[in-house]
>>> print(open('upload35.csv').read())   # CSV, C-alpha atoms and all ligand atoms
chain,number,residue,atom,x,y,z
A,1,MET,CA,-20.6,4.1,-31.6
A,2,LYS,CA,-23.1,3.6,-28.7
A,3,GLU,CA,-24.0,0.1,-29.9
A,4,ASP,CA,-20.3,-0.7,-30.2
A,5,ASN,CA,-19.6,0.4,-26.6
A,6,GLU,CA,-22.6,-1.7,-25.4
A,7,TYR,CA,-21.3,-4.6,-27.5
A,8,ILE,CA,-17.9,-4.4,-25.9
A,9,GLN,CA,-19.4,-4.0,-22.4
A,10,ASN,CA,-21.5,-7.2,-23.0
A,11,ILE,CA,-18.5,-9.2,-24.0
A,12,MET,CA,-16.6,-7.8,-21.0
A,13,ASN,CA,-19.3,-8.8,-18.6
A,14,GLU,CA,-19.6,-12.3,-20.2
A,15,VAL,CA,-15.8,-12.8,-19.9
A,16,ALA,CA,-15.9,-11.5,-16.3
A,17,HIS,CA,-18.7,-14.0,-15.5
A,18,GLN,CA,-16.9,-16.9,-17.1
A,19,TRP,CA,-13.6,-16.2,-15.4
A,20,ARG,CA,-14.7,-15.8,-11.8
A,21,GLN,CA,-15.4,-19.4,-11.0
A,22,PRO,CA,-12.3,-21.0,-12.6
A,23,LEU,CA,-10.2,-18.3,-10.9
A,24,SER,CA,-11.3,-19.1,-7.5
A,25,HIS,CA,-10.8,-22.8,-8.3
A,26,ILE,CA,-7.2,-22.1,-9.3
A,27,ASN,CA,-6.7,-20.2,-6.1
A,28,SER,CA,-8.0,-23.0,-4.0
A,29,ILE,CA,-5.8,-25.5,-5.9
A,30,VAL,CA,-2.7,-23.3,-5.1
A,31,PHE,CA,-3.8,-23.2,-1.5
A,32,SER,CA,-4.1,-27.1,-1.4
A,33,ILE,CA,-0.6,-27.5,-2.9
A,34,ASP,CA,0.8,-25.1,-0.4
A,35,SER,CA,-0.9,-27.1,2.5
A,36,ILE,CA,0.3,-30.4,1.1
A,37,LEU,CA,3.9,-29.1,0.9
A,38,TYR,CA,3.7,-27.7,4.4
A,39,GLU,CA,2.2,-30.9,5.9
A,40,ASN,CA,4.9,-33.0,4.3
A,41,GLY,CA,7.7,-30.7,5.4
A,42,ILE,CA,8.7,-30.1,1.8
A,43,LYS,CA,10.6,-26.8,1.2
A,44,ASN,CA,11.4,-26.1,-2.4
A,45,LYS,CA,12.3,-22.6,-3.6
A,46,GLU,CA,11.4,-23.3,-7.2
A,47,ILE,CA,7.9,-24.6,-6.4
A,48,GLU,CA,7.3,-21.7,-4.1
A,49,LYS,CA,8.4,-19.3,-6.8
A,50,LYS,CA,6.0,-20.9,-9.3
A,51,LEU,CA,3.1,-20.9,-6.9
A,52,ASN,CA,3.8,-17.2,-6.2
A,53,GLU,CA,3.7,-16.6,-9.9
A,54,ILE,CA,0.3,-18.3,-10.2
A,55,GLU,CA,-0.9,-16.2,-7.4
A,56,SER,CA,0.2,-12.9,-9.0
A,57,ILE,CA,-1.4,-13.9,-12.3
A,58,THR,CA,-4.7,-14.8,-10.7
A,59,LYS,CA,-4.6,-11.6,-8.7
A,60,HIS,CA,-4.1,-9.6,-11.9
A,61,MET,CA,-7.1,-11.5,-13.5
A,62,SER,CA,-9.3,-10.8,-10.5
A,63,LYS,CA,-8.4,-7.1,-10.6
A,64,THR,CA,-9.2,-7.0,-14.3
A,65,ILE,CA,-12.6,-8.6,-13.7
A,66,ASP,CA,-13.4,-6.1,-11.0
A,67,ASP,CA,-12.5,-3.3,-13.3
A,68,LEU,CA,-14.6,-4.7,-16.1
A,69,ASN,CA,-17.6,-5.1,-13.7
A,70,ASN,CA,-17.1,-1.6,-12.3
A,71,LYS,CA,-17.1,-0.3,-15.9
A,72,SER,CA,-14.0,1.6,-14.9
A,73,MET,CA,-12.7,2.0,-18.4
A,74,GLU,CA,-12.4,5.8,-18.2
A,75,ASN,CA,-9.1,7.6,-18.4
A,76,ASP,CA,-8.7,8.3,-14.8
A,77,ASP,CA,-5.2,7.7,-13.5
A,78,THR,CA,-1.7,9.2,-13.9
A,79,ILE,CA,0.2,6.1,-15.0
A,80,PHE,CA,4.0,5.9,-15.0
A,81,LEU,CA,4.6,3.5,-17.9
A,82,VAL,CA,7.6,1.9,-16.3
A,83,ASN,CA,5.2,0.5,-13.6
A,84,VAL,CA,2.9,-0.9,-16.2
A,85,PHE,CA,5.8,-2.7,-17.9
A,86,ASP,CA,7.1,-4.0,-14.5
A,87,GLU,CA,3.7,-5.6,-13.9
A,88,ILE,CA,3.6,-7.0,-17.4
A,89,THR,CA,7.0,-8.5,-17.0
A,90,THR,CA,5.9,-10.2,-13.8
A,91,LEU,CA,2.8,-11.6,-15.5
A,92,ILE,CA,4.4,-13.0,-18.6
A,93,SER,CA,8.0,-13.8,-17.4
A,94,SER,CA,7.2,-17.4,-16.7
A,95,ARG,CA,6.0,-18.0,-20.2
A,96,LEU,CA,8.9,-16.1,-21.7
A,97,GLU,CA,11.5,-18.0,-19.6
A,98,LYS,CA,9.9,-21.3,-20.5
A,99,GLU,CA,10.0,-20.6,-24.2
A,100,ARG,CA,13.4,-18.8,-24.1
A,101,ILE,CA,12.2,-15.6,-25.4
A,102,LYS,CA,14.1,-12.4,-24.5
A,103,LEU,CA,12.0,-9.4,-23.5
A,104,ILE,CA,13.9,-6.0,-23.8
A,105,ILE,CA,12.1,-3.0,-22.4
A,106,ASP,CA,13.3,0.6,-23.0
A,107,VAL,CA,11.2,3.1,-21.1
A,108,ASP,CA,12.2,6.3,-19.3
A,109,LYS,CA,11.1,6.3,-15.7
A,110,SER,CA,9.7,9.8,-16.0
A,111,ILE,CA,7.2,9.1,-18.8
A,112,SER,CA,3.5,9.2,-17.6
A,113,ILE,CA,0.1,9.5,-19.2
A,114,GLN,CA,-3.4,10.0,-18.1
A,115,SER,CA,-5.0,6.6,-18.7
A,116,ASN,CA,-6.4,3.4,-17.1
A,117,THR,CA,-3.7,1.1,-16.0
A,118,ARG,CA,-5.6,-2.2,-16.2
A,119,THR,CA,-7.1,-1.5,-19.6
A,120,LEU,CA,-3.7,-0.5,-21.1
A,121,LEU,CA,-2.0,-3.5,-19.4
A,122,GLN,CA,-4.6,-5.9,-20.9
A,123,ALA,CA,-4.2,-4.4,-24.4
A,124,ILE,CA,-0.4,-4.7,-24.3
A,125,ILE,CA,-0.6,-8.3,-23.0
A,126,ASN,CA,-2.9,-9.3,-25.9
A,127,ILE,CA,-0.3,-8.0,-28.3
A,128,LEU,CA,2.6,-9.7,-26.5
A,129,HIS,CA,0.8,-13.1,-26.4
A,130,ASN,CA,0.4,-12.8,-30.2
A,131,SER,CA,4.1,-12.1,-30.6
A,132,ILE,CA,5.0,-15.1,-28.4
A,133,ASP,CA,2.6,-17.3,-30.4
A,134,ALA,CA,4.3,-16.2,-33.7
A,135,LEU,CA,7.8,-16.8,-32.3
A,136,LEU,CA,6.9,-20.3,-31.2
A,137,GLU,CA,4.9,-21.3,-34.2
A,138,ARG,CA,7.8,-20.4,-36.5
A,139,ASN,CA,10.4,-21.8,-34.2
A,140,ILE,CA,12.5,-18.6,-34.2
A,141,PHE,CA,16.1,-18.9,-33.1
A,142,ASN,CA,17.2,-16.0,-30.8
A,143,ALA,CA,13.6,-15.0,-30.3
A,144,TYR,CA,13.0,-11.6,-28.8
A,145,ILE,CA,10.3,-9.0,-28.1
A,146,LYS,CA,11.4,-5.3,-27.7
A,147,ILE,CA,9.3,-2.6,-26.2
A,148,ASN,CA,10.3,0.9,-26.9
A,149,VAL,CA,8.6,4.0,-25.4
A,150,SER,CA,9.4,7.4,-26.9
A,151,LYS,CA,8.0,10.8,-26.1
A,152,THR,CA,7.9,14.0,-28.1
A,153,GLU,CA,6.1,17.2,-27.1
A,154,LYS,CA,3.0,16.1,-28.9
A,155,ASP,CA,2.7,12.4,-28.3
A,156,ILE,CA,3.9,9.2,-26.7
A,157,SER,CA,4.5,6.1,-28.7
A,158,ILE,CA,4.8,2.6,-27.4
A,159,LYS,CA,6.3,0.2,-30.0
A,160,ILE,CA,6.1,-3.6,-29.5
A,161,ILE,CA,8.4,-5.3,-31.8
A,162,ASP,CA,9.1,-9.0,-32.4
A,163,ASN,CA,11.3,-11.1,-34.7
A,164,GLY,CA,8.6,-13.6,-35.4
A,165,GLY,CA,8.7,-13.4,-39.2
A,166,GLY,CA,6.0,-10.8,-39.8
A,167,ILE,CA,2.5,-10.9,-41.1
A,168,THR,CA,1.4,-11.8,-44.6
A,169,GLU,CA,-0.4,-9.2,-46.8
A,170,ASN,CA,-3.7,-11.2,-46.6
A,171,THR,CA,-3.6,-11.4,-42.8
A,172,MET,CA,-2.6,-7.7,-42.5
A,173,ARG,CA,-5.8,-6.7,-44.3
A,174,LYS,CA,-8.0,-8.5,-41.9
A,175,ILE,CA,-5.9,-8.5,-38.7
A,176,PHE,CA,-8.3,-6.3,-36.7
A,177,ASP,CA,-11.5,-8.0,-38.0
A,178,LYS,CA,-13.6,-9.7,-35.4
A,179,ASP,CA,-13.1,-13.5,-35.5
A,180,TYR,CA,-10.2,-13.4,-37.9
A,181,THR,CA,-7.5,-15.9,-36.9
A,182,THR,CA,-4.9,-18.0,-38.6
A,183,LYS,CA,-4.7,-20.3,-35.5
A,184,HIS,CA,-6.5,-23.6,-34.8
A,185,SER,CA,-9.7,-23.1,-32.9
A,186,THR,CA,-8.2,-24.5,-29.7
A,187,GLU,CA,-5.3,-21.9,-29.9
A,188,GLY,CA,-7.1,-18.7,-30.9
A,189,SER,CA,-10.5,-17.2,-31.5
A,190,GLY,CA,-9.6,-14.1,-33.5
A,191,VAL,CA,-11.1,-11.7,-30.9
A,192,GLY,CA,-7.9,-10.6,-29.4
A,193,LEU,CA,-6.8,-7.8,-31.7
A,194,HIS,CA,-10.3,-6.7,-32.6
A,195,MET,CA,-11.0,-6.1,-28.9
A,196,THR,CA,-7.5,-4.6,-28.3
A,197,LYS,CA,-8.0,-2.0,-31.1
A,198,GLU,CA,-11.5,-1.1,-29.8
A,199,ILE,CA,-10.2,-0.7,-26.3
A,200,ILE,CA,-7.2,1.4,-27.3
A,201,GLU,CA,-9.0,3.7,-29.7
A,202,LYS,CA,-12.3,4.1,-27.9
A,203,HIS,CA,-11.4,3.8,-24.2
A,204,LEU,CA,-7.8,5.0,-24.1
A,205,GLN,CA,-8.2,7.6,-26.8
A,206,ALA,CA,-5.0,6.4,-28.5
A,207,ASP,CA,-4.2,4.9,-32.0
A,208,LEU,CA,-3.1,1.3,-32.7
A,209,ASN,CA,-1.3,0.5,-35.9
A,210,VAL,CA,0.7,-2.5,-37.1
A,211,TYR,CA,3.3,-2.9,-39.8
A,212,ASN,CA,6.0,-5.3,-40.8
A,213,ILE,CA,9.7,-4.6,-40.1
A,214,ASP,CA,12.9,-6.4,-41.1
A,215,CYS,CA,12.3,-9.7,-39.4
A,216,GLY,CA,9.0,-9.4,-37.7
A,217,VAL,CA,6.2,-7.0,-36.7
A,218,CYS,CA,5.8,-3.7,-35.0
A,219,PHE,CA,2.6,-2.8,-33.1
A,220,GLU,CA,2.5,0.9,-32.3
A,221,ILE,CA,0.3,2.6,-29.8
A,222,ASN,CA,0.2,6.4,-30.1
A,223,PHE,CA,-1.2,8.6,-27.3
A,224,LYS,CA,-2.5,11.9,-28.5
A,225,SER,CA,-1.5,15.1,-26.7
A,226,SER,CA,-4.7,15.4,-24.7
A,227,THR,CA,-3.8,12.2,-22.7
A,228,LEU,CA,-0.3,13.3,-21.9
A,229,ASP,CA,0.5,14.5,-18.4
A,230,GLU,CA,1.8,18.0,-18.0
A,231,ILE,CA,4.9,17.8,-15.9
B,301,LIG,N1,3.1,-10.6,-33.8
B,301,LIG,C1,2.5,-11.3,-34.8
B,301,LIG,N2,3.2,-11.9,-35.7
B,301,LIG,C2,2.6,-12.7,-36.7
B,301,LIG,N3,1.2,-12.7,-36.8
B,301,LIG,C3,0.5,-12.1,-35.9
B,301,LIG,C4,1.0,-11.3,-34.9
B,301,LIG,N4,0.0,-10.8,-34.1
B,301,LIG,C5,-1.1,-11.2,-34.7
B,301,LIG,N5,-0.9,-12.0,-35.8
B,301,LIG,C6,-1.9,-12.6,-36.7
B,301,LIG,O1,-3.1,-12.0,-36.5
B,301,LIG,C7,-4.1,-12.9,-36.2
B,301,LIG,C8,-5.2,-12.3,-35.4
B,301,LIG,O2,-4.7,-12.0,-34.0
B,301,LIG,P1,-5.8,-12.0,-32.8
B,301,LIG,O3,-5.0,-11.7,-31.6
B,301,LIG,O4,-6.9,-11.1,-33.2
B,301,LIG,O5,-6.4,-13.4,-32.8
B,301,LIG,P2,-5.7,-14.8,-32.3
B,301,LIG,O6,-4.4,-14.5,-31.6
B,301,LIG,O7,-5.7,-15.7,-33.5
B,301,LIG,O8,-6.8,-15.4,-31.3
B,301,LIG,P3,-7.2,-14.8,-29.9
B,301,LIG,O9,-8.5,-14.2,-30.0
B,301,LIG,O10,-7.2,-15.9,-29.0
B,301,LIG,O11,-6.2,-13.7,-29.5
B,301,LIG,C9,-3.4,-14.1,-35.6
B,301,LIG,O12,-4.2,-15.3,-35.8
B,301,LIG,C10,-2.1,-14.1,-36.3
B,301,LIG,O13,-2.2,-14.8,-37.6
B,302,MG,MG,-4.3,-13.1,-30.1
>>> encode(input="upload35.csv", output="structure tokens")
Amino acid sequence: MKEDNEYIQNIMNEVAHQWRQPLSHINSIVFSIDSILYENGIKNKEIEKKLNEIESITKHMSKTIDDLNNKSMENDDTIFLVNVFDEITTLISSRLEKERIKLIIDVDKSISIQSNTRTLLQAIINILHNSIDALLERNIFNAYIKINVSKTEKDISIKIIDNGGGITENTMRKIFDKDYTTKHSTEGSGVGLHMTKEIIEKHLQADLNVYNIDCGVCFEINFKSSTLDEI
């Protein structure tokens, strides 16, 4: 357990280190594009919108890096899940729009938990990117991802459902294994869900499960009662 945590922390530090420089490079490129547009008197709402999106994505990545370096992976905030999903929507809307994938989120405004926003956000984004990958790879017509949050007295469950065709039995057995991937080495490394499960179970004190449904997959995150907010 201790070695596992150290192992995760080492990966986190490595990722943080590797990201810093390219991130500041991206920011300076956005700044140059902004300046070029301004100097040439070009006003284009679409380009401005896209540049703002890049800025909000790099801002999110920088915040994540700060969190990783501060080792702030404890359960320390009261999080309203609706806010987490708003931020997630902003971060991935551009990819979803481009690929014509519908995102349907059903969450009650009043639902909150005691947890760490950035860690939860990162875990959910990893799951969403896999769904998007599956929808694209299989060229699904009317592609969608549905997120449903339900609360009982005892627990809160977040379900992330896609219609991407599901997971084979063989993949299902190894899906959380480190380095297991069905993607080409340029598209995936097989670390995503391994890390996501570790983060959810060890740092967020929740459970992560996956199962096939009619036309796709459901990833389910369950928060145990100790992490729920008493309101
Ligand atoms: N929603 C999904 N639908 C179908 N298959 C999925 C889905 N989510 C995950 N998988 C399968 O599980 C495998 C492991 O996922 P994981 O996120 O760990 O690695 P990856 O996406 O291949 O690479 P990366 O480390 O870059 O995320 C994927 O390669 C894919 O085959
Ligand atoms: Mg992945």
>>> closest_atom_pairs(input="upload35.csv", of="chain A", to="ligand MG 302 (chain B)", cutoff="10 Å", atoms="only C-alpha atoms and all ligand atoms", output="CSV")
residue,atom,partner,partner_atom,distance
A:Ile125,CA,B:MG302,MG,9.3
A:Asn126,CA,B:MG302,MG,5.8
A:Ile127,CA,B:MG302,MG,6.7
A:Leu128,CA,B:MG302,MG,8.5
A:His129,CA,B:MG302,MG,6.3
A:Asn130,CA,B:MG302,MG,4.7
A:Ser131,CA,B:MG302,MG,8.5
A:Ile132,CA,B:MG302,MG,9.7
A:Asp133,CA,B:MG302,MG,8.1
A:Ala134,CA,B:MG302,MG,9.8
A:Ile175,CA,B:MG302,MG,9.9
A:Tyr180,CA,B:MG302,MG,9.8
A:Thr181,CA,B:MG302,MG,8.0
A:Thr182,CA,B:MG302,MG,9.8
A:Lys183,CA,B:MG302,MG,9.0
A:Glu187,CA,B:MG302,MG,8.9
A:Gly188,CA,B:MG302,MG,6.3
A:Ser189,CA,B:MG302,MG,7.6
A:Gly190,CA,B:MG302,MG,6.4
A:Val191,CA,B:MG302,MG,7.0
A:Gly192,CA,B:MG302,MG,4.4
A:Leu193,CA,B:MG302,MG,6.1
A:His194,CA,B:MG302,MG,9.1
A:Met195,CA,B:MG302,MG,9.8
A:Thr196,CA,B:MG302,MG,9.3
>>> residues_around(input="upload35.csv", residues="Val149 (chain A)", least_positions_apart="5", cutoff="8 Å", atoms="only C-alpha atoms", output="PyMOL selection string")
chain A and resi 106-108+156-159
>>> write_last_selection(input="upload35.csv", atoms="C-alpha atoms", output="compact mmCIF listing (two decimals), in the frame of the given file")
# COMPACT_ATOMS: atom_id res chain seq x y z
CA ASP A 106 13.30 0.60 -23.00
CA VAL A 107 11.20 3.10 -21.10
CA ASP A 108 12.20 6.30 -19.30
CA ILE A 156 3.90 9.20 -26.70
CA SER A 157 4.50 6.10 -28.70
CA ILE A 158 4.80 2.60 -27.40
CA LYS A 159 6.30 0.20 -30.00
>>> closest_residue(input="upload35.csv", among="A:Trp19, A:Phe31, A:Tyr7, A:Phe85", to="Thr64 (chain A)", atoms="all atoms listed in the file")
A:Trp19
>>> atom_distance(input="upload35.csv", atom1="CA of Asp207 (chain A)", atom2="atom C7 of ligand LIG 301 (chain B)")
18.3 Å
>>> closest_residue(input="upload35.csv", among="A:Leu120, A:Val30, A:Asp177, A:Asn40", to="Lys202 (chain A)", atoms="only C-alpha atoms")
A:Leu120
>>> closest_residue(input="upload35.csv", among="A:Lys151, A:Lys197, A:Ser56, A:Lys146", to="Cys218 (chain A)", atoms="all atoms listed in the file")
A:Lys146
>>> residues_around(input="upload35.csv", residues="Cys215 (chain A)", least_positions_apart="6", cutoff="8 Å", atoms="only C-alpha atoms", output="PDB file with C-alpha atoms, keeping the file's coordinate frame")
ATOM      1  CA  ASP A 162       9.100  -9.000 -32.400  1.00  0.00           C
ATOM      2  CA  ASN A 163      11.300 -11.100 -34.700  1.00  0.00           C
ATOM      3  CA  GLY A 164       8.600 -13.600 -35.400  1.00  0.00           C
ATOM      4  CA  GLY A 165       8.700 -13.400 -39.200  1.00  0.00           C
ATOM      5  CA  GLY A 166       6.000 -10.800 -39.800  1.00  0.00           C
TER       6      GLY A 166
END
>>> closest_residue(input="upload35.csv", among="A:Arg173, A:His25, A:Lys224, A:Lys49", to="ligand LIG 301 (chain B)", atoms="all atoms listed in the file")
A:Arg173
>>> closest_residue(input="upload35.csv", among="A:Ala143, A:Ile79, A:Leu204, A:Ile36", to="ligand LIG 301 (chain B)", atoms="only C-alpha atoms and all ligand atoms")
A:Ala143
>>> closest_residue(input="upload35.csv", among="A:Ile167, A:Ile199, A:Ala206, A:Ile221", to="ligand LIG 301 (chain B)", atoms="all atoms listed in the file")
A:Ile167
